[in-house]
$ cat entry_16.txt   # compact mmCIF, C-alpha atoms and all ligand atoms
# COMPACT_ATOMS: atom_id res chain seq x y z
CA MET A 30 3.45 -12.66 -8.47
CA LEU A 31 6.58 -10.98 -7.06
CA LYS A 32 9.63 -10.05 -9.07
CA VAL A 33 12.62 -8.56 -7.27
CA ASN A 34 15.11 -7.31 -9.82
CA ASP A 35 18.65 -6.29 -8.81
CA ILE A 36 17.94 -4.39 -5.60
CA ASN A 37 20.67 -2.59 -3.67
CA VAL A 38 19.72 -1.31 -0.24
CA TYR A 39 21.79 0.88 2.08
CA TYR A 40 21.57 2.00 5.70
CA GLY A 41 23.60 5.20 5.36
CA PRO A 42 27.05 3.96 4.38
CA ILE A 43 26.21 0.28 5.05
CA HIS A 44 25.53 -1.64 1.83
CA ALA A 45 23.11 -4.22 3.27
CA ILE A 46 21.65 -5.75 0.06
CA LYS A 47 24.01 -6.22 -2.86
CA GLY A 48 22.21 -6.85 -6.11
CA ILE A 49 19.53 -9.38 -5.16
CA SER A 50 17.04 -10.79 -7.70
CA PHE A 51 14.42 -13.48 -7.21
CA GLU A 52 10.84 -14.35 -8.08
CA VAL A 53 7.84 -15.76 -6.28
CA HIS A 54 5.18 -17.43 -8.40
CA PRO A 55 1.47 -17.65 -7.50
CA GLY A 56 0.73 -20.43 -5.03
CA GLU A 57 4.34 -21.01 -4.00
CA ILE A 58 5.98 -21.05 -0.62
CA VAL A 59 9.41 -19.46 -1.05
CA ALA A 60 11.97 -19.36 1.77
CA LEU A 61 14.89 -16.99 2.19
CA ILE A 62 17.30 -18.47 4.68
CA GLY A 63 20.49 -17.06 6.13
CA ALA A 64 22.38 -16.27 9.28
CA ASN A 65 21.66 -13.36 11.58
CA GLY A 66 22.63 -10.14 9.79
CA ALA A 67 22.56 -11.63 6.27
CA GLY A 68 19.96 -9.08 5.16
CA LYS A 69 16.75 -11.11 5.26
CA SER A 70 14.61 -8.55 7.08
CA THR A 71 16.01 -5.77 4.92
CA VAL A 72 14.76 -7.56 1.80
CA LEU A 73 11.23 -7.82 3.25
CA ARG A 74 11.21 -4.22 4.45
CA THR A 75 12.23 -3.07 1.00
CA ILE A 76 9.51 -5.11 -0.72
CA SER A 77 6.86 -3.73 1.62
CA GLY A 78 7.96 -0.15 0.98
CA LEU A 79 9.48 0.62 4.39
CA LEU A 80 12.94 0.96 2.83
CA ARG A 81 13.93 2.02 -0.69
CA THR A 82 16.28 0.36 -3.15
CA LYS A 83 18.90 2.47 -4.92
CA THR A 84 18.74 0.43 -8.12
CA GLY A 85 16.55 -2.10 -9.86
CA SER A 86 12.84 -2.68 -9.41
CA ILE A 87 10.18 -4.60 -7.54
CA GLU A 88 7.02 -5.83 -9.27
CA PHE A 89 3.99 -7.21 -7.48
CA ASP A 90 1.02 -8.73 -9.26
CA GLY A 91 2.03 -7.11 -12.54
CA ARG A 92 2.64 -3.60 -11.12
CA ASP A 93 5.85 -1.75 -10.44
CA ILE A 94 5.82 -1.05 -6.68
CA THR A 95 9.43 0.14 -6.42
CA LYS A 96 8.31 3.61 -5.31
CA THR A 97 4.85 2.82 -3.97
CA GLU A 98 4.03 3.86 -0.39
CA ALA A 99 3.84 1.07 2.20
CA HIS A 100 0.11 1.43 2.99
CA LYS A 101 -0.75 1.28 -0.71
CA ILE A 102 1.28 -1.88 -1.08
CA VAL A 103 -0.80 -3.49 1.69
CA ASN A 104 -3.93 -2.49 -0.20
CA LEU A 105 -2.62 -4.19 -3.33
CA GLY A 106 -2.64 -7.46 -1.39
CA LEU A 107 0.85 -7.77 0.01
CA ALA A 108 0.98 -8.30 3.78
CA HIS A 109 4.05 -8.33 6.03
CA VAL A 110 4.27 -10.15 9.36
CA PRO A 111 7.26 -8.33 10.83
CA GLU A 112 10.14 -9.68 12.86
CA GLY A 113 9.26 -9.75 16.54
CA ARG A 114 5.52 -9.80 15.74
CA ARG A 115 4.85 -6.16 16.68
CA ILE A 116 1.38 -6.79 17.98
CA PHE A 117 -0.20 -4.27 20.38
CA LEU A 118 0.27 -5.82 23.81
CA GLN A 119 -2.16 -3.45 25.57
CA MET A 120 -4.96 -4.21 23.12
CA THR A 121 -7.21 -7.24 22.99
CA VAL A 122 -6.95 -9.97 20.39
CA MET A 123 -10.01 -8.54 18.59
CA GLU A 124 -8.59 -5.01 18.61
CA ASN A 125 -5.30 -6.26 17.16
CA LEU A 126 -7.16 -8.03 14.36
CA GLU A 127 -9.16 -4.86 13.74
CA MET A 128 -5.88 -2.97 13.23
CA GLY A 129 -5.02 -5.42 10.45
CA ALA A 130 -8.29 -4.66 8.70
CA TYR A 131 -8.22 -0.88 8.92
CA THR A 132 -6.88 -0.24 5.43
CA GLN A 133 -9.50 -2.45 3.81
CA LYS A 134 -12.64 -1.71 5.82
CA VAL A 135 -13.36 -5.41 6.12
CA ASP A 136 -14.34 -5.07 9.76
CA SER A 137 -17.17 -7.58 9.42
CA PRO A 138 -17.96 -10.63 11.59
CA LYS A 139 -17.14 -12.80 8.58
CA ALA A 140 -13.60 -11.44 8.41
CA TYR A 141 -12.98 -12.44 12.04
CA GLU A 142 -14.56 -15.85 11.55
CA ARG A 143 -12.17 -16.49 8.66
CA ILE A 144 -9.21 -15.83 10.98
CA PHE A 145 -10.69 -17.81 13.87
CA HIS A 146 -11.11 -20.77 11.55
CA HIS A 147 -7.29 -20.95 11.29
CA PHE A 148 -6.75 -20.06 14.95
CA PRO A 149 -9.47 -21.44 17.24
CA ARG A 150 -7.18 -20.57 20.16
CA LEU A 151 -7.45 -16.88 19.30
CA LYS A 152 -11.22 -17.14 19.24
CA GLU A 153 -11.25 -18.45 22.81
CA ARG A 154 -8.98 -15.58 23.83
CA ARG A 155 -10.50 -12.84 21.70
CA ARG A 156 -11.25 -10.49 24.61
CA GLN A 157 -7.89 -11.10 26.30
CA LEU A 158 -5.05 -8.55 26.13
CA ALA A 159 -2.44 -9.60 23.58
CA GLY A 160 0.29 -9.12 26.20
CA THR A 161 -1.13 -12.01 28.21
CA LEU A 162 -0.86 -14.50 25.31
CA SER A 163 1.94 -17.07 25.05
CA GLY A 164 4.69 -16.54 22.45
CA GLY A 165 3.07 -18.99 20.02
CA GLU A 166 -0.33 -17.34 20.42
CA GLN A 167 1.20 -13.92 19.83
CA GLN A 168 2.73 -15.22 16.59
CA MET A 169 -0.67 -16.61 15.56
CA LEU A 170 -2.16 -13.19 16.28
CA ALA A 171 0.49 -11.48 14.14
CA VAL A 172 -0.32 -13.85 11.28
CA GLY A 173 -4.06 -13.44 11.85
CA ARG A 174 -3.72 -9.67 11.77
CA ALA A 175 -1.89 -9.86 8.43
CA LEU A 176 -4.61 -12.15 7.04
CA MET A 177 -7.29 -9.56 7.86
CA SER A 178 -6.15 -7.55 4.83
CA ARG A 179 -6.90 -10.59 2.62
CA PRO A 180 -3.42 -10.72 1.10
CA LYS A 181 -2.48 -12.48 -2.12
CA LEU A 182 1.08 -12.66 -0.86
CA MET A 183 2.03 -12.88 2.78
CA MET A 184 5.63 -12.22 3.83
CA MET A 185 6.67 -13.62 7.20
CA ASP A 186 9.82 -12.61 9.05
CA GLU A 187 11.11 -15.42 11.28
CA PRO A 188 7.76 -16.73 12.52
CA SER A 189 9.51 -19.44 14.56
CA LEU A 190 11.85 -17.13 16.47
CA GLY A 191 11.92 -17.86 20.20
CA LEU A 192 9.24 -20.56 20.08
CA ALA A 193 9.50 -24.12 21.43
CA PRO A 194 9.91 -26.88 18.79
CA LEU A 195 6.37 -28.20 19.17
CA ILE A 196 4.90 -24.71 18.74
CA VAL A 197 7.17 -24.12 15.74
CA ARG A 198 5.75 -27.23 14.07
CA GLY A 199 2.24 -25.90 14.68
CA ILE A 200 3.12 -22.54 13.13
CA PHE A 201 4.52 -24.23 10.01
CA GLU A 202 1.38 -26.37 9.71
CA ILE A 203 -0.66 -23.18 9.76
CA ILE A 204 1.59 -21.65 7.10
CA ARG A 205 0.93 -24.68 4.84
CA GLU A 206 -2.80 -24.47 5.49
CA ILE A 207 -2.94 -20.76 4.68
CA ASN A 208 -0.99 -21.47 1.49
CA SER A 209 -3.34 -24.29 0.50
CA ARG A 210 -6.19 -21.77 0.72
CA GLY A 211 -4.57 -19.71 -1.98
CA VAL A 212 -2.16 -17.33 -0.23
CA THR A 213 1.34 -17.22 -1.71
CA ILE A 214 4.03 -17.15 0.99
CA LEU A 215 7.48 -15.55 1.19
CA LEU A 216 9.08 -16.81 4.36
CA ILE A 217 12.26 -15.74 6.09
CA GLU A 218 13.94 -17.99 8.59
CA GLN A 219 17.04 -18.77 10.54
CA ASN A 220 15.39 -22.15 11.22
CA ALA A 221 16.52 -23.48 7.83
CA ASN A 222 15.40 -27.01 8.50
CA MET A 223 11.70 -26.25 9.01
CA ALA A 224 11.70 -23.55 6.34
CA LEU A 225 13.20 -25.79 3.64
CA GLN A 226 10.92 -28.67 4.56
CA THR A 227 7.98 -26.35 4.00
CA ALA A 228 9.17 -24.35 0.98
CA ASP A 229 8.87 -25.15 -2.71
CA ILE A 230 11.88 -22.97 -3.47
CA GLY A 231 14.65 -21.69 -1.23
CA TYR A 232 17.28 -18.99 -1.52
CA VAL A 233 20.35 -18.75 0.68
CA LEU A 234 21.35 -15.23 1.64
CA GLU A 235 24.91 -14.42 2.79
CA THR A 236 25.99 -10.88 3.67
CA GLY A 237 23.54 -9.26 1.27
CA ARG A 238 23.89 -11.66 -1.65
CA ILE A 239 22.04 -14.76 -2.83
CA THR A 240 24.64 -17.53 -2.91
CA LEU A 241 22.50 -20.60 -3.57
CA THR A 242 19.04 -21.47 -4.82
CA GLY A 243 17.08 -24.64 -5.40
CA SER A 244 14.00 -26.55 -4.36
CA GLY A 245 13.53 -26.93 -0.62
CA ALA A 246 14.38 -30.64 -0.95
CA GLU A 247 17.56 -29.94 -2.95
CA LEU A 248 18.82 -27.38 -0.45
CA LEU A 249 18.14 -29.74 2.47
CA LYS A 250 20.51 -32.23 0.80
CA ASN A 251 23.12 -29.63 -0.18
CA ALA A 252 26.43 -30.16 1.66
CA ALA A 253 27.16 -26.44 2.10
CA VAL A 254 23.66 -25.78 3.44
CA LYS A 255 23.93 -28.74 5.79
CA GLU A 256 27.22 -27.53 7.16
CA ALA A 257 26.29 -23.87 7.54
CA TYR A 258 22.58 -23.98 8.45
CA LEU A 259 21.50 -27.47 9.47
CA GLY A 260 24.15 -28.15 12.07
CA ALA A 261 25.30 -31.34 10.33
N1 LIG B 1 18.39 0.23 10.97
C1 LIG B 1 19.61 -0.17 10.62
N2 LIG B 1 20.66 0.69 10.58
C2 LIG B 1 21.90 0.28 10.20
N3 LIG B 1 22.20 -0.97 9.85
C3 LIG B 1 21.20 -1.88 9.86
C4 LIG B 1 19.86 -1.53 10.25
N4 LIG B 1 19.10 -2.65 10.16
C5 LIG B 1 19.91 -3.62 9.75
N5 LIG B 1 21.17 -3.17 9.57
C6 LIG B 1 22.33 -3.95 9.10
O1 LIG B 1 22.02 -4.52 7.83
C7 LIG B 1 22.46 -5.86 7.76
C8 LIG B 1 21.27 -6.79 7.48
O2 LIG B 1 20.37 -6.74 8.58
P1 LIG B 1 19.00 -7.54 8.59
O3 LIG B 1 18.30 -7.36 7.30
O4 LIG B 1 18.27 -7.15 9.83
O5 LIG B 1 19.52 -9.06 8.69
P2 LIG B 1 18.73 -10.40 9.04
O6 LIG B 1 17.28 -10.11 9.04
O7 LIG B 1 19.15 -11.38 8.01
O8 LIG B 1 19.21 -10.81 10.41
C9 LIG B 1 23.16 -6.16 9.09
O9 LIG B 1 24.54 -5.96 8.90
C10 LIG B 1 22.59 -5.13 10.02
O10 LIG B 1 23.49 -4.80 11.04
MG MG B 2 15.90 -10.28 10.53
$ encode --input "entry_16.txt" --output "C-alpha cells"
Amino acid sequence: MLKVNDINVYYGPIHAIKGISFEVHPGEIVALIGANGAGKSTVLRTISGLLRTKTGSIEFDGRDITKTEAHKIVNLGLAHVPEGRRIFLQMTVMENLEMGAYTQKVDSPKAYERIFHHFPRLKERRRQLAGTLSGGEQQMLAVGRALMSRPKLMMMDEPSLGLAPLIVRGIFEIIREINSRGVTILLIEQNANMALQTADIGYVLETGRITLTGSGAELLKNAAVKEAYLGA
C-alpha cells in the first residue's frame, strides 16, 4: 500500500533523513519508533507531501506520489494525524470534524455517525469547543477528523504524547479497532512499548536511519531495543 524507497530529506543544510526505505502492506499496523529528534515526524511529513525528498520515491496505492501536492494525497486516501494534534481549539467538535471532511464533500450525517461510533465521548461533546476537551479527547478528535476523509492509510504521529497511561491504552485500543475495520496504520511513537505491542511490524529509527526491523513481538524481545527504548 505504501512503498518508501531511499528517501533523503533536508532542512536547509541539516540532513534529517538518510536513505530510508520501508513498506506498509494493506491491513497492517506498522510502527516507526525512535528517540526524540530521530526523524520520525520528518518521514511522515514527507510521505504526506508537506516536505520533499531529494532522492528516491514514494508510492501509495500503486501511484507515485513523490511530487504530488499534500491535499491531493489526502484525496487519494492517505490521512495524517499530526504531532500535537493541531485541532482548532476555538471550534466545536462538529466543526473540527467538518474540517476533516472538506476535501471529500462527505459532510453527511452518516459520516459523523461513523466517527461517533468509534468515539461516543465526542458525540456527547459535539457542540463543545475543542479547547475545553481533555488531552485524550483532543487526541480522539484529531483521529476522528482524519477518519472523516475515509482514509485507506492513516498515519499517526505520537498519539500517546502527554497522555496518562490509562488514556494511552484507550487510544491504542481505538487504533486496533480502526485497523480491524480495514484502515491500514502507520504509527510513530516514542512510547515503544505500546507501539510494538500493537504493531505487526516495527522499524527503529536512529538519527535519520533505520537501524533495526522486525515483527513487533521480535523487537519487544530485542536486547538493544529493550536497553534503548523500553527502559530495561
Ligand atoms: N523545521 C525544521 N527545521 C530544521 N530542522 C528541523 C526541523 N524540523 C525538524 N528538524 C530536525 O530534524 C531532525 C528530525 O526531527 P523530527 O523528524 O521532528 O524528529 P522526531 O519526530 O523523531 O522527534 C531533528 O534533528 C530536528 O532538529
Ligand atoms: Mg516528532
$ residues_near_ligand --input "entry_16.txt" --ligand "ligand MG 2 (chain B)" --cutoff "8 Å" --atoms "all atoms listed in the file" --output "MDAnalysis selection string"
chainID A and resid 65:66 68:71 112 186:187 217
$ closest_atom_pairs --input "entry_16.txt" --of "chain A" --to "ligand LIG 1 (chain B)" --cutoff "12 Å" --atoms "all atoms listed in the file" --output "JSON lines"
{"residue": "A:Asn37", "atom": "CA", "partner": "B:LIG1", "partner_atom": "O1", "distance": 11.7}
{"residue": "A:Val38", "atom": "CA", "partner": "B:LIG1", "partner_atom": "O1", "distance": 9.0}
{"residue": "A:Tyr39", "atom": "CA", "partner": "B:LIG1", "partner_atom": "O1", "distance": 7.9}
{"residue": "A:Tyr40", "atom": "CA", "partner": "B:LIG1", "partner_atom": "C2", "distance": 4.8}
{"residue": "A:Gly41", "atom": "CA", "partner": "B:LIG1", "partner_atom": "C2", "distance": 7.1}
{"residue": "A:Pro42", "atom": "CA", "partner": "B:LIG1", "partner_atom": "C2", "distance": 8.6}
{"residue": "A:Ile43", "atom": "CA", "partner": "B:LIG1", "partner_atom": "N3", "distance": 6.4}
{"residue": "A:His44", "atom": "CA", "partner": "B:LIG1", "partner_atom": "O1", "distance": 7.5}
{"residue": "A:Ala45", "atom": "CA", "partner": "B:LIG1", "partner_atom": "O1", "distance": 4.7}
{"residue": "A:Ile46", "atom": "CA", "partner": "B:LIG1", "partner_atom": "C8", "distance": 7.5}
{"residue": "A:Lys47", "atom": "CA", "partner": "B:LIG1", "partner_atom": "C8", "distance": 10.7}
{"residue": "A:Leu61", "atom": "CA", "partner": "B:LIG1", "partner_atom": "O7", "distance": 9.1}
{"residue": "A:Ile62", "atom": "CA", "partner": "B:LIG1", "partner_atom": "O7", "distance": 8.0}
{"residue": "A:Gly63", "atom": "CA", "partner": "B:LIG1", "partner_atom": "O7", "distance": 6.1}
{"residue": "A:Ala64", "atom": "CA", "partner": "B:LIG1", "partner_atom": "O7", "distance": 6.0}
{"residue": "A:Asn65", "atom": "CA", "partner": "B:LIG1", "partner_atom": "O8", "distance": 3.7}
{"residue": "A:Gly66", "atom": "CA", "partner": "B:LIG1", "partner_atom": "O5", "distance": 3.5}
{"residue": "A:Ala67", "atom": "CA", "partner": "B:LIG1", "partner_atom": "O7", "distance": 3.8}
{"residue": "A:Gly68", "atom": "CA", "partner": "B:LIG1", "partner_atom": "O3", "distance": 3.2}
{"residue": "A:Lys69", "atom": "CA", "partner": "B:LIG1", "partner_atom": "O7", "distance": 3.7}
{"residue": "A:Ser70", "atom": "CA", "partner": "B:LIG1", "partner_atom": "O6", "distance": 3.7}
{"residue": "A:Thr71", "atom": "CA", "partner": "B:LIG1", "partner_atom": "O3", "distance": 3.7}
{"residue": "A:Val72", "atom": "CA", "partner": "B:LIG1", "partner_atom": "O3", "distance": 6.5}
{"residue": "A:Leu73", "atom": "CA", "partner": "B:LIG1", "partner_atom": "O3", "distance": 8.2}
{"residue": "A:Arg74", "atom": "CA", "partner": "B:LIG1", "partner_atom": "O3", "distance": 8.3}
{"residue": "A:Thr75", "atom": "CA", "partner": "B:LIG1", "partner_atom": "O3", "distance": 9.7}
{"residue": "A:Leu79", "atom": "CA", "partner": "B:LIG1", "partner_atom": "N1", "distance": 11.1}
{"residue": "A:Leu80", "atom": "CA", "partner": "B:LIG1", "partner_atom": "N1", "distance": 9.8}
{"residue": "A:Pro111", "atom": "CA", "partner": "B:LIG1", "partner_atom": "O6", "distance": 10.3}
{"residue": "A:Glu112", "atom": "CA", "partner": "B:LIG1", "partner_atom": "O6", "distance": 8.1}
{"residue": "A:Gly113", "atom": "CA", "partner": "B:LIG1", "partner_atom": "O6", "distance": 11.0}
{"residue": "A:Met185", "atom": "CA", "partner": "B:LIG1", "partner_atom": "O6", "distance": 11.3}
{"residue": "A:Asp186", "atom": "CA", "partner": "B:LIG1", "partner_atom": "O6", "distance": 7.9}
{"residue": "A:Glu187", "atom": "CA", "partner": "B:LIG1", "partner_atom": "O6", "distance": 8.4}
{"residue": "A:Leu190", "atom": "CA", "partner": "B:LIG1", "partner_atom": "O8", "distance": 11.4}
{"residue": "A:Leu216", "atom": "CA", "partner": "B:LIG1", "partner_atom": "O6", "distance": 11.6}
{"residue": "A:Ile217", "atom": "CA", "partner": "B:LIG1", "partner_atom": "O6", "distance": 8.1}
{"residue": "A:Glu218", "atom": "CA", "partner": "B:LIG1", "partner_atom": "O7", "distance": 8.4}
{"residue": "A:Gln219", "atom": "CA", "partner": "B:LIG1", "partner_atom": "O7", "distance": 8.1}
{"residue": "A:Asn220", "atom": "CA", "partner": "B:LIG1", "partner_atom": "O7", "distance": 11.9}
{"residue": "A:Val233", "atom": "CA", "partner": "B:LIG1", "partner_atom": "O7", "distance": 10.5}
{"residue": "A:Leu234", "atom": "CA", "partner": "B:LIG1", "partner_atom": "O7", "distance": 7.8}
{"residue": "A:Glu235", "atom": "CA", "partner": "B:LIG1", "partner_atom": "O7", "distance": 8.3}
{"residue": "A:Thr236", "atom": "CA", "partner": "B:LIG1", "partner_atom": "C8", "distance": 7.3}
{"residue": "A:Gly237", "atom": "CA", "partner": "B:LIG1", "partner_atom": "C8", "distance": 7.1}
{"residue": "A:Arg238", "atom": "CA", "partner": "B:LIG1", "partner_atom": "C8", "distance": 10.7}
{"residue": "A:Ile239", "atom": "CA", "partner": "B:LIG1", "partner_atom": "O7", "distance": 11.7}
$ closest_residue --input "entry_16.txt" --among "A:Pro188, A:Leu151, A:Lys250, A:Pro180" --to "Val110 (chain A)" --atoms "all atoms listed in the file"
A:Pro188
$ atom_distance --input "entry_16.txt" --atom1 "CA of Arg115 (chain A)" --atom2 "CA of Phe89 (chain A)"
24.2 Å
$ closest_residue --input "entry_16.txt" --among "A:Ala224, A:Leu241, A:Ala130, A:Val33" --to "Arg179 (chain A)" --atoms "only C-alpha atoms"
A:Ala130
$ closest_residue --input "entry_16.txt" --among "A:Ile196, A:Leu249, A:Leu31, A:Met169" --to "Leu107 (chain A)" --atoms "all atoms listed in the file"
A:Leu31
$ residues_near_point --input "entry_16.txt" --point "(-7.7, -21.7, 13.1)" --cutoff "12 Å" --atoms "only C-alpha atoms" --output "JSON, numbers by chain"
{"A": [141, 142, 143, 144, 145, 146, 147, 148, 149, 150, 151, 152, 153, 166, 169, 170, 172, 173, 176, 199, 200, 202, 203, 204, 206, 207]}
$ residues_around --input "entry_16.txt" --residues "region 53-57 of chain A" --least-positions-apart "2" --cutoff "12 Å" --atoms "all atoms listed in the file" --output "ChimeraX atom specification"
/A:30-34,50-51,59-61,87-91,181-184,204-216,227-232,244-245
$ atom_distance --input "entry_16.txt" --atom1 "CA of Thr161 (chain A)" --atom2 "CA of Pro194 (chain A)"
20.8 Å
